[in-house]
Amino acid sequence: MEDGKLYIVMVGLPARGKSTIAARLKENLIKDGIRTRIFNNGDLRRKLARKDTSSHGFYDPENKEGVALREKIALENIRRAKNYLYNVGHVAILDATNVSSKRREKMTSLLGDHPLFFIECINNDQEILEASILRKITLPEFKHLKKDAAIKSFKHRIKYYSSIYRSLENERNIVKLDSLNNSIIEEEITEDILYYDRIRDFLVTDTVKNLFLIRHGETFFNLENRIGGDSGLTENGKAQAGALAAYFREKKIPVIFTSKKKRTIETAEPIMRMQKDCVIIPLEEFNEIDSGVCECMSYEEIRQRMPYVYLTRKEDKYNYIYLEGEGYVSMKERVDNGVKKALYLSSNPQNIMIIGHRAVNRMILSHFLYRRKEDVPYIYIPQDKFYHVVATQSKKLFQLKKY
Ligand code: F6P
């Protein structure tokens with residue numbers, strides 16, 4: 001491809017992370033001076049359609065009027081993408097479900113002037129899907145519906161798309177991506193795809209533009225050095241939450257992820273209240289290490305009453321697993337899953353915030369920053385400072401900041 005132009009075609013059922021990946025990919029390419037534009041069928045439909053197109057009936061493959069209108073919009077975007085590459089553009093990303101083979105054949109025949117590269121986003125994690133749907137129905141097009149009706153309608157829409165969904169098969173250049181885990185399930189490249197190396201690396205890289213990783217404010221248990229439990233914030237802890245809220249007021253924080261524990265939610269609430277549009281999403285994956293039989297004890301009580309626990313943990317803190325509880329080693333998978341969930345659910349924002357706990361935040365930091373295992377349980381996680389983390393393909397930053 002001597003002229004350096006490329007069509008990228010997104011493929012996948014609704015709520016599989018296509019638009020997030022397309023948006024990030026575009027930002028990433030633009031940073032390298034590659035002129036990139038997204039042609040999104042949903043956006044164009046909302047702009048052009050005179051009628052309400054949010055009801056699920058519009059997506060019924062038997063609804064002739066709906067099919068015709070969606071086809072018209074797809075063709076219009078194909079025309080615009082072609083025009084863009086004909087003129088100044090380098091990469092045109094066609095962002096839509098593009099789930100049927102028929103649609104993709106049409107695209108292949110109409111966009112014959114440059115190579116096409118298909119990215120299929122796959123994610124069948126039911127829990128994530130439910131959570132994504134809850135985020136989707138906050139879009140203006142569902143405003144007129146009550147929550148349950150909006151969920152039902154969106155699920156119905158997915159069902160209609162599923163009935164015509166064919167996974168990539170005969171296309172020449174494809175990647176099937178597990179869009180929750182950022183891993184490639186299948187890849188087949190038969191042409192010279194310009195920028196492929198960087199796109200491939202980008203697809204498997206966890207990207208956070210700005211992550212503010214905060215530990216909850218001081219709790220009653222903290223005062224007594226007690227571990228675990230579900231204690232609330234002290235007056236000092238509440239003041240810390242207030243100071244955080246003031247500190248972050250000028251930044252846009254659309255989502256705050258917390259654990260399911262009171263202390264993280266109580267820290268998040270004042271921050272949320274100071275923001276214009278912000279939601280708190282509590283995730284079990286961010287719950288503090290379960291210290292099993294030692295829950296609610298103080299370190300001193302453990303040392304005196306269970307010296308064996310105290311000593312064995314001291315010897316190998318990373319691998320020690322509390323009886324009937326967890327250890328750092330066994331928490332890793334769930335915390336990593338929590339990070340993936342948080343990144344997936346937050347789409348592509350400038351800032352994301354996680355309010356967690358001491359052990360959990362150590363694991364989250366080690367997700368982005370390589371630390372030797374034996375050092376992870378000793379990473380410094382204070383309550384009067386937070387970590388600012390940037391992790392992109394071209395930049396890694398870890399900064400401990402006072403608020
Ligand atoms: O003290 C607070 C706490 O979050 C406990 O709930 C938890 O068991 C502990 O910190 C984890 O830190 P460490 O692994 O250093 O004991």
# chains A, B, ... in the order shown; residues from 1 in each chain; ligands from 1
>>> residues_near_ligand(ligand="ligand 1", cutoff="9 Å", atoms="only C-alpha atoms and all ligand atoms", output="PyMOL selection string")
chain A and resi 215+219+221-222+225-230+288-291+294-296+298-299+317-318+327-328+356-360+362+377-379
>>> residues_around(residues="A:Leu25", least_positions_apart="4", cutoff="8 Å", atoms="only C-alpha atoms", output="ChimeraX atom specification")
/A:21,29,199,202
>>> select_by_dssp(residues="stretch 254-354 of chain A", states="strand (DSSP E or B)", output="ChimeraX atom specification")
/A:255-258,279-282,298,352-354
>>> write_last_selection(atoms="C-alpha atoms", output="PDB file, in the first residue's frame")
ATOM      1  CA  VAL A 255     -17.007   7.556  37.285  1.00  0.00           C
ATOM      2  CA  ILE A 256     -15.615   6.662  40.679  1.00  0.00           C
ATOM      3  CA  PHE A 257     -15.005   2.960  41.234  1.00  0.00           C
ATOM      4  CA  THR A 258     -14.996   1.822  44.849  1.00  0.00           C
ATOM      5  CA  VAL A 279     -21.564   8.053  39.293  1.00  0.00           C
ATOM      6  CA  ILE A 280     -20.128   5.706  41.883  1.00  0.00           C
ATOM      7  CA  ILE A 281     -19.724   2.083  40.772  1.00  0.00           C
ATOM      8  CA  PRO A 282     -18.904  -0.237  43.670  1.00  0.00           C
ATOM      9  CA  SER A 298      -5.600  -5.770  65.497  1.00  0.00           C
ATOM     10  CA  ILE A 352     -10.765   7.692  36.072  1.00  0.00           C
ATOM     11  CA  MET A 353     -10.784   7.312  39.823  1.00  0.00           C
ATOM     12  CA  ILE A 354     -10.563   4.223  42.000  1.00  0.00           C
TER      13      ILE A 354
END
>>> residues_around(residues="stretch 118-130 of chain A", least_positions_apart="4", cutoff="7 Å", atoms="only C-alpha atoms", output="ChimeraX atom specification")
/A:8-12,15-18,134,173-180,341
>>> closest_residue(among="A:Glu301, A:Phe398, A:Lys251, A:Val293", to="A:Lys276", atoms="only C-alpha atoms")
A:Lys251
>>> select_by_dssp(residues="stretch 32-263 of chain A", states="helix (DSSP H, G or I)", output="PyMOL selection string")
chain A and resi 41-48+56-59+64-86+101-110+126-136+140-142+147-164+196-203+220-223+235-248+262-263
>>> atom_distance(atom1="atom CA of A:Phe386", atom2="atom CA of A:Glu284")
21.0 Å
>>> residues_around(residues="A:Phe117", least_positions_apart="4", cutoff="12 Å", atoms="only C-alpha atoms", output="mmCIF file with N, CA and C atoms, in the first residue's frame")
data_model
loop_
_atom_site.group_PDB
_atom_site.id
_atom_site.type_symbol
_atom_site.label_atom_id
_atom_site.label_comp_id
_atom_site.auth_asym_id
_atom_site.auth_seq_id
_atom_site.Cartn_x
_atom_site.Cartn_y
_atom_site.Cartn_z
ATOM 1 N N LYS A 5 -2.751 4.443 3.198
ATOM 2 C CA LYS A 5 -4.135 4.692 3.628
ATOM 3 C C LYS A 5 -4.765 3.380 4.069
ATOM 4 N N LEU A 6 -5.701 3.503 4.988
ATOM 5 C CA LEU A 6 -6.265 2.274 5.556
ATOM 6 C C LEU A 6 -7.694 2.495 6.047
ATOM 7 N N TYR A 7 -8.555 1.487 5.787
ATOM 8 C CA TYR A 7 -9.887 1.472 6.395
ATOM 9 C C TYR A 7 -9.856 0.483 7.538
ATOM 10 N N ILE A 8 -10.350 0.912 8.690
ATOM 11 C CA ILE A 8 -10.513 -0.039 9.794
ATOM 12 C C ILE A 8 -12.007 -0.207 10.007
ATOM 13 N N VAL A 9 -12.457 -1.455 10.022
ATOM 14 C CA VAL A 9 -13.886 -1.704 10.194
ATOM 15 C C VAL A 9 -14.105 -2.405 11.531
ATOM 16 N N MET A 10 -14.870 -1.756 12.406
ATOM 17 C CA MET A 10 -15.184 -2.366 13.691
ATOM 18 C C MET A 10 -16.343 -3.346 13.495
ATOM 19 N N VAL A 11 -16.311 -4.441 14.236
ATOM 20 C CA VAL A 11 -17.353 -5.471 14.133
ATOM 21 C C VAL A 11 -17.694 -5.938 15.544
ATOM 22 N N VAL A 91 -6.318 7.279 7.879
ATOM 23 C CA VAL A 91 -7.054 6.116 8.377
ATOM 24 C C VAL A 91 -8.511 6.507 8.619
ATOM 25 N N ALA A 92 -9.431 5.707 8.077
ATOM 26 C CA ALA A 92 -10.863 5.924 8.329
ATOM 27 C C ALA A 92 -11.373 4.738 9.128
ATOM 28 N N ILE A 93 -11.946 5.034 10.303
ATOM 29 C CA ILE A 93 -12.470 3.939 11.133
ATOM 30 C C ILE A 93 -13.985 3.914 10.982
ATOM 31 N N LEU A 94 -14.511 2.798 10.479
ATOM 32 C CA LEU A 94 -15.959 2.669 10.314
ATOM 33 C C LEU A 94 -16.495 1.941 11.534
ATOM 34 N N ARG A 104 -20.641 -6.733 5.369
ATOM 35 C CA ARG A 104 -19.171 -6.662 5.226
ATOM 36 C C ARG A 104 -18.738 -6.892 3.782
ATOM 37 N N MET A 107 -19.165 -3.663 2.075
ATOM 38 C CA MET A 107 -18.098 -2.716 2.427
ATOM 39 C C MET A 107 -16.830 -3.057 1.650
ATOM 40 N N THR A 108 -16.539 -4.358 1.592
ATOM 41 C CA THR A 108 -15.326 -4.783 0.900
ATOM 42 C C THR A 108 -15.381 -4.371 -0.562
ATOM 43 N N LEU A 111 -15.271 -0.386 -0.812
ATOM 44 C CA LEU A 111 -14.050 0.269 -0.333
ATOM 45 C C LEU A 111 -12.814 -0.456 -0.867
ATOM 46 N N GLY A 112 -12.809 -0.632 -2.169
ATOM 47 C CA GLY A 112 -11.723 -1.418 -2.777
ATOM 48 C C GLY A 112 -10.448 -0.628 -3.033
ATOM 49 N N LEU A 168 -16.216 -12.946 12.012
ATOM 50 C CA LEU A 168 -15.353 -12.777 10.838
ATOM 51 C C LEU A 168 -14.862 -14.139 10.354
ATOM 52 N N GLU A 171 -13.054 -12.611 5.564
ATOM 53 C CA GLU A 171 -12.400 -11.325 5.302
ATOM 54 C C GLU A 171 -10.892 -11.525 5.296
ATOM 55 N N ARG A 172 -10.181 -10.654 4.593
ATOM 56 C CA ARG A 172 -8.749 -10.885 4.375
ATOM 57 C C ARG A 172 -7.860 -10.519 5.555
ATOM 58 N N ASN A 173 -8.188 -9.401 6.219
ATOM 59 C CA ASN A 173 -7.324 -8.963 7.321
ATOM 60 C C ASN A 173 -8.174 -8.809 8.577
ATOM 61 N N ILE A 174 -7.958 -9.672 9.517
ATOM 62 C CA ILE A 174 -8.837 -9.628 10.694
ATOM 63 C C ILE A 174 -8.065 -9.798 12.003
ATOM 64 N N VAL A 175 -8.642 -9.183 13.037
ATOM 65 C CA VAL A 175 -8.229 -9.497 14.400
ATOM 66 C C VAL A 175 -9.513 -9.699 15.181
ATOM 67 N N LYS A 176 -9.581 -10.794 15.938
ATOM 68 C CA LYS A 176 -10.690 -10.969 16.871
ATOM 69 C C LYS A 176 -10.129 -10.674 18.242
ATOM 70 N N GLU A 187 -6.028 -13.984 14.686
ATOM 71 C CA GLU A 187 -5.565 -12.938 13.781
ATOM 72 C C GLU A 187 -5.154 -13.557 12.463
ATOM 73 N N GLU A 188 -5.494 -12.860 11.397
ATOM 74 C CA GLU A 188 -5.174 -13.353 10.057
ATOM 75 C C GLU A 188 -4.929 -12.127 9.191
ATOM 76 N N ILE A 189 -3.697 -11.917 8.807
ATOM 77 C CA ILE A 189 -3.376 -10.729 8.014
ATOM 78 C C ILE A 189 -2.773 -11.197 6.699
ATOM 79 N N THR A 190 -3.444 -10.881 5.598
ATOM 80 C CA THR A 190 -2.930 -11.392 4.332
ATOM 81 C C THR A 190 -2.399 -10.284 3.424
ATOM 82 N N GLU A 191 -2.587 -9.030 3.840
ATOM 83 C CA GLU A 191 -2.048 -7.916 3.039
ATOM 84 C C GLU A 191 -1.093 -7.113 3.905
ATOM 85 N N ASP A 192 -0.386 -6.218 3.257
ATOM 86 C CA ASP A 192 0.480 -5.317 3.994
ATOM 87 C C ASP A 192 -0.389 -4.260 4.649
ATOM 88 N N ILE A 193 -0.549 -4.330 5.968
ATOM 89 C CA ILE A 193 -1.387 -3.336 6.633
ATOM 90 C C ILE A 193 -0.478 -2.317 7.286
ATOM 91 N N LEU A 194 -0.555 -1.100 6.746
ATOM 92 C CA LEU A 194 0.299 -0.058 7.289
ATOM 93 C C LEU A 194 -0.105 0.222 8.739
ATOM 94 N N TYR A 195 0.826 0.577 9.568
ATOM 95 C CA TYR A 195 0.596 0.877 10.986
ATOM 96 C C TYR A 195 0.224 -0.372 11.796
ATOM 97 N N TYR A 196 0.290 -1.539 11.171
ATOM 98 C CA TYR A 196 -0.216 -2.723 11.874
ATOM 99 C C TYR A 196 0.517 -2.988 13.190
ATOM 100 N N ILE A 199 -0.766 -0.715 15.840
ATOM 101 C CA ILE A 199 -2.176 -0.972 16.156
ATOM 102 C C ILE A 199 -2.299 -2.247 16.988
ATOM 103 N N ARG A 200 -1.551 -3.248 16.599
ATOM 104 C CA ARG A 200 -1.617 -4.526 17.308
ATOM 105 C C ARG A 200 -1.167 -4.364 18.750
#
>>> closest_residue(among="A:Lys260, A:Lys402, A:Lys136, A:His388", to="A:Ser19", atoms="only C-alpha atoms")
A:Lys136
>>> atom_distance(atom1="atom CA of A:Ala268", atom2="atom CA of A:Leu400")
19.0 Å
>>> atom_distance(atom1="atom CA of A:Asp113", atom2="atom CA of A:Lys82")
8.3 Å
>>> residues_around(residues="A:Ser366", least_positions_apart="6", cutoff="9 Å", atoms="only C-alpha atoms", output="PyMOL selection string")
chain A and resi 372-373+376
>>> residues_around(residues="A:Ser101", least_positions_apart="3", cutoff="9 Å", atoms="only C-alpha atoms", output="list in words")
Asn98, Arg104, Glu105, Lys106, Ile164, Tyr165, Arg166, Ser167, Leu168, Glu169 and Asn170 of chain A
>>> residues_around(residues="A:Phe368", least_positions_apart="3", cutoff="12 Å", atoms="only C-alpha atoms", output="list in words")
Thr205, Asp206, Thr207, Val208, Leu211, Leu213, Asp336, Val339, Lys340, Asn361, Arg362, Met363, Ile364, Leu365, Arg371, Tyr387, His388, Val389, Val390, Ala391, Thr392, Gln393, Lys395, Lys396, Leu397 and Phe398 of chain A
>>> closest_residue(among="A:Glu71, A:Asp277, A:Glu266, A:Glu235", to="A:Ile253", atoms="only C-alpha atoms")
A:Asp277
>>> closest_residue(among="A:Arg70, A:Ser109, A:Tyr84, A:Ile34", to="A:Ala49", atoms="only C-alpha atoms")
A:Arg70
>>> decode(residues="stretch 120-237 of chain A", atoms="C-alpha atoms", output="PDB file, in the first residue's frame")
ATOM      1  CA  GLU A 120     -14.083  -7.807  15.903  1.00  0.00           C
ATOM      2  CA  CYS A 121     -14.733  -7.074  19.579  1.00  0.00           C
ATOM      3  CA  ILE A 122     -15.878 -10.052  21.579  1.00  0.00           C
ATOM      4  CA  ASN A 123     -16.919 -10.092  25.209  1.00  0.00           C
ATOM      5  CA  ASN A 124     -19.412 -12.561  26.571  1.00  0.00           C
ATOM      6  CA  ASP A 125     -18.930 -11.840  30.262  1.00  0.00           C
ATOM      7  CA  GLN A 126     -22.529 -11.583  31.414  1.00  0.00           C
ATOM      8  CA  GLU A 127     -21.823  -9.408  34.435  1.00  0.00           C
ATOM      9  CA  ILE A 128     -19.846  -6.881  32.406  1.00  0.00           C
ATOM     10  CA  LEU A 129     -22.531  -6.868  29.779  1.00  0.00           C
ATOM     11  CA  GLU A 130     -25.198  -6.074  32.366  1.00  0.00           C
ATOM     12  CA  ALA A 131     -23.030  -3.280  33.760  1.00  0.00           C
ATOM     13  CA  SER A 132     -22.357  -1.893  30.254  1.00  0.00           C
ATOM     14  CA  ILE A 133     -26.061  -1.894  29.484  1.00  0.00           C
ATOM     15  CA  LEU A 134     -26.686   0.124  32.648  1.00  0.00           C
ATOM     16  CA  ARG A 135     -24.187   2.686  31.345  1.00  0.00           C
ATOM     17  CA  LYS A 136     -25.690   2.661  27.829  1.00  0.00           C
ATOM     18  CA  ILE A 137     -29.215   3.424  28.978  1.00  0.00           C
ATOM     19  CA  THR A 138     -28.055   6.711  30.446  1.00  0.00           C
ATOM     20  CA  LEU A 139     -27.673   7.958  26.842  1.00  0.00           C
ATOM     21  CA  PRO A 140     -30.165  10.677  25.814  1.00  0.00           C
ATOM     22  CA  GLU A 141     -31.953   8.339  23.378  1.00  0.00           C
ATOM     23  CA  PHE A 142     -33.302   6.309  26.340  1.00  0.00           C
ATOM     24  CA  LYS A 143     -34.360   9.349  28.352  1.00  0.00           C
ATOM     25  CA  HIS A 144     -38.058   8.824  27.662  1.00  0.00           C
ATOM     26  CA  LEU A 145     -38.017   5.277  29.090  1.00  0.00           C
ATOM     27  CA  LYS A 146     -38.013   4.056  32.687  1.00  0.00           C
ATOM     28  CA  LYS A 147     -34.891   2.127  33.704  1.00  0.00           C
ATOM     29  CA  ASP A 148     -36.396  -1.379  33.376  1.00  0.00           C
ATOM     30  CA  ALA A 149     -38.020  -0.589  30.038  1.00  0.00           C
ATOM     31  CA  ALA A 150     -34.755   0.863  28.714  1.00  0.00           C
ATOM     32  CA  ILE A 151     -32.799  -2.247  29.783  1.00  0.00           C
ATOM     33  CA  LYS A 152     -35.374  -4.492  28.168  1.00  0.00           C
ATOM     34  CA  SER A 153     -35.345  -2.489  24.966  1.00  0.00           C
ATOM     35  CA  PHE A 154     -31.540  -2.509  24.730  1.00  0.00           C
ATOM     36  CA  LYS A 155     -31.409  -6.265  25.343  1.00  0.00           C
ATOM     37  CA  HIS A 156     -33.992  -6.759  22.652  1.00  0.00           C
ATOM     38  CA  ARG A 157     -31.839  -4.724  20.284  1.00  0.00           C
ATOM     39  CA  ILE A 158     -28.873  -6.994  21.061  1.00  0.00           C
ATOM     40  CA  LYS A 159     -31.054 -10.026  20.356  1.00  0.00           C
ATOM     41  CA  TYR A 160     -31.959  -8.729  16.914  1.00  0.00           C
ATOM     42  CA  TYR A 161     -28.315  -8.087  16.089  1.00  0.00           C
ATOM     43  CA  SER A 162     -27.393 -11.554  17.403  1.00  0.00           C
ATOM     44  CA  SER A 163     -29.828 -13.141  14.954  1.00  0.00           C
ATOM     45  CA  ILE A 164     -27.812 -11.848  11.978  1.00  0.00           C
ATOM     46  CA  TYR A 165     -24.370 -11.964  13.609  1.00  0.00           C
ATOM     47  CA  ARG A 166     -21.658 -13.883  11.766  1.00  0.00           C
ATOM     48  CA  SER A 167     -18.177 -13.809  13.206  1.00  0.00           C
ATOM     49  CA  LEU A 168     -15.353 -12.777  10.838  1.00  0.00           C
ATOM     50  CA  GLU A 169     -14.478 -15.623   8.544  1.00  0.00           C
ATOM     51  CA  ASN A 170     -13.821 -14.821   4.912  1.00  0.00           C
ATOM     52  CA  GLU A 171     -12.400 -11.325   5.302  1.00  0.00           C
ATOM     53  CA  ARG A 172      -8.749 -10.885   4.375  1.00  0.00           C
ATOM     54  CA  ASN A 173      -7.324  -8.963   7.321  1.00  0.00           C
ATOM     55  CA  ILE A 174      -8.837  -9.628  10.694  1.00  0.00           C
ATOM     56  CA  VAL A 175      -8.229  -9.497  14.400  1.00  0.00           C
ATOM     57  CA  LYS A 176     -10.690 -10.969  16.871  1.00  0.00           C
ATOM     58  CA  LEU A 177     -10.182  -9.196  20.135  1.00  0.00           C
ATOM     59  CA  ASP A 178     -11.259 -10.155  23.630  1.00  0.00           C
ATOM     60  CA  SER A 179     -12.190  -6.589  24.443  1.00  0.00           C
ATOM     61  CA  LEU A 180     -12.386  -7.103  28.201  1.00  0.00           C
ATOM     62  CA  ASN A 181      -8.975  -8.686  28.563  1.00  0.00           C
ATOM     63  CA  ASN A 182      -7.283  -6.840  25.708  1.00  0.00           C
ATOM     64  CA  SER A 183      -6.046 -10.072  24.227  1.00  0.00           C
ATOM     65  CA  ILE A 184      -6.076 -11.319  20.678  1.00  0.00           C
ATOM     66  CA  ILE A 185      -8.164 -14.426  20.120  1.00  0.00           C
ATOM     67  CA  GLU A 186      -7.437 -14.832  16.439  1.00  0.00           C
ATOM     68  CA  GLU A 187      -5.565 -12.938  13.781  1.00  0.00           C
ATOM     69  CA  GLU A 188      -5.174 -13.353  10.057  1.00  0.00           C
ATOM     70  CA  ILE A 189      -3.376 -10.729   8.014  1.00  0.00           C
ATOM     71  CA  THR A 190      -2.930 -11.392   4.332  1.00  0.00           C
ATOM     72  CA  GLU A 191      -2.048  -7.916   3.039  1.00  0.00           C
ATOM     73  CA  ASP A 192       0.480  -5.317   3.994  1.00  0.00           C
ATOM     74  CA  ILE A 193      -1.387  -3.336   6.633  1.00  0.00           C
ATOM     75  CA  LEU A 194       0.299  -0.058   7.289  1.00  0.00           C
ATOM     76  CA  TYR A 195       0.596   0.877  10.986  1.00  0.00           C
ATOM     77  CA  TYR A 196      -0.216  -2.723  11.874  1.00  0.00           C
ATOM     78  CA  ASP A 197       2.604  -3.136  14.411  1.00  0.00           C
ATOM     79  CA  ARG A 198       1.530  -0.179  16.465  1.00  0.00           C
ATOM     80  CA  ILE A 199      -2.176  -0.972  16.156  1.00  0.00           C
ATOM     81  CA  ARG A 200      -1.617  -4.526  17.308  1.00  0.00           C
ATOM     82  CA  ASP A 201       0.453  -3.435  20.278  1.00  0.00           C
ATOM     83  CA  PHE A 202      -2.116  -0.768  21.098  1.00  0.00           C
ATOM     84  CA  LEU A 203      -4.958  -3.327  21.082  1.00  0.00           C
ATOM     85  CA  VAL A 204      -3.290  -5.408  23.784  1.00  0.00           C
ATOM     86  CA  THR A 205      -2.146  -2.492  25.965  1.00  0.00           C
ATOM     87  CA  ASP A 206      -4.174  -1.388  28.987  1.00  0.00           C
ATOM     88  CA  THR A 207      -4.597   2.323  28.479  1.00  0.00           C
ATOM     89  CA  VAL A 208      -5.255   4.828  31.241  1.00  0.00           C
ATOM     90  CA  LYS A 209      -4.824   8.476  30.477  1.00  0.00           C
ATOM     91  CA  ASN A 210      -5.116   9.500  34.116  1.00  0.00           C
ATOM     92  CA  LEU A 211      -5.945   7.163  36.947  1.00  0.00           C
ATOM     93  CA  PHE A 212      -6.330   8.653  40.398  1.00  0.00           C
ATOM     94  CA  LEU A 213      -5.810   5.813  42.821  1.00  0.00           C
ATOM     95  CA  ILE A 214      -6.937   6.773  46.285  1.00  0.00           C
ATOM     96  CA  ARG A 215      -7.100   4.946  49.588  1.00  0.00           C
ATOM     97  CA  HIS A 216     -10.243   5.504  51.666  1.00  0.00           C
ATOM     98  CA  GLY A 217     -10.089   8.067  54.467  1.00  0.00           C
ATOM     99  CA  GLU A 218      -9.277   7.196  58.069  1.00  0.00           C
ATOM    100  CA  THR A 219     -11.683   4.729  59.750  1.00  0.00           C
ATOM    101  CA  PHE A 220     -12.394   3.766  63.354  1.00  0.00           C
ATOM    102  CA  PHE A 221     -10.625   0.476  62.689  1.00  0.00           C
ATOM    103  CA  ASN A 222      -7.548   2.341  61.403  1.00  0.00           C
ATOM    104  CA  LEU A 223      -7.333   4.144  64.756  1.00  0.00           C
ATOM    105  CA  GLU A 224      -7.034   0.789  66.514  1.00  0.00           C
ATOM    106  CA  ASN A 225      -4.916  -0.844  63.836  1.00  0.00           C
ATOM    107  CA  ARG A 226      -7.683  -3.362  63.184  1.00  0.00           C
ATOM    108  CA  ILE A 227      -7.847  -5.134  59.854  1.00  0.00           C
ATOM    109  CA  GLY A 228     -10.749  -5.942  57.530  1.00  0.00           C
ATOM    110  CA  GLY A 229     -14.328  -5.359  58.730  1.00  0.00           C
ATOM    111  CA  ASP A 230     -16.650  -2.681  57.425  1.00  0.00           C
ATOM    112  CA  SER A 231     -15.976   0.295  59.616  1.00  0.00           C
ATOM    113  CA  GLY A 232     -17.067   3.850  58.701  1.00  0.00           C
ATOM    114  CA  LEU A 233     -14.987   7.027  58.444  1.00  0.00           C
ATOM    115  CA  THR A 234     -13.908   9.024  61.503  1.00  0.00           C
ATOM    116  CA  GLU A 235     -14.319  12.809  61.580  1.00  0.00           C
ATOM    117  CA  ASN A 236     -10.763  13.001  60.299  1.00  0.00           C
ATOM    118  CA  GLY A 237     -11.617  10.504  57.528  1.00  0.00           C
TER     119      GLY A 237
END
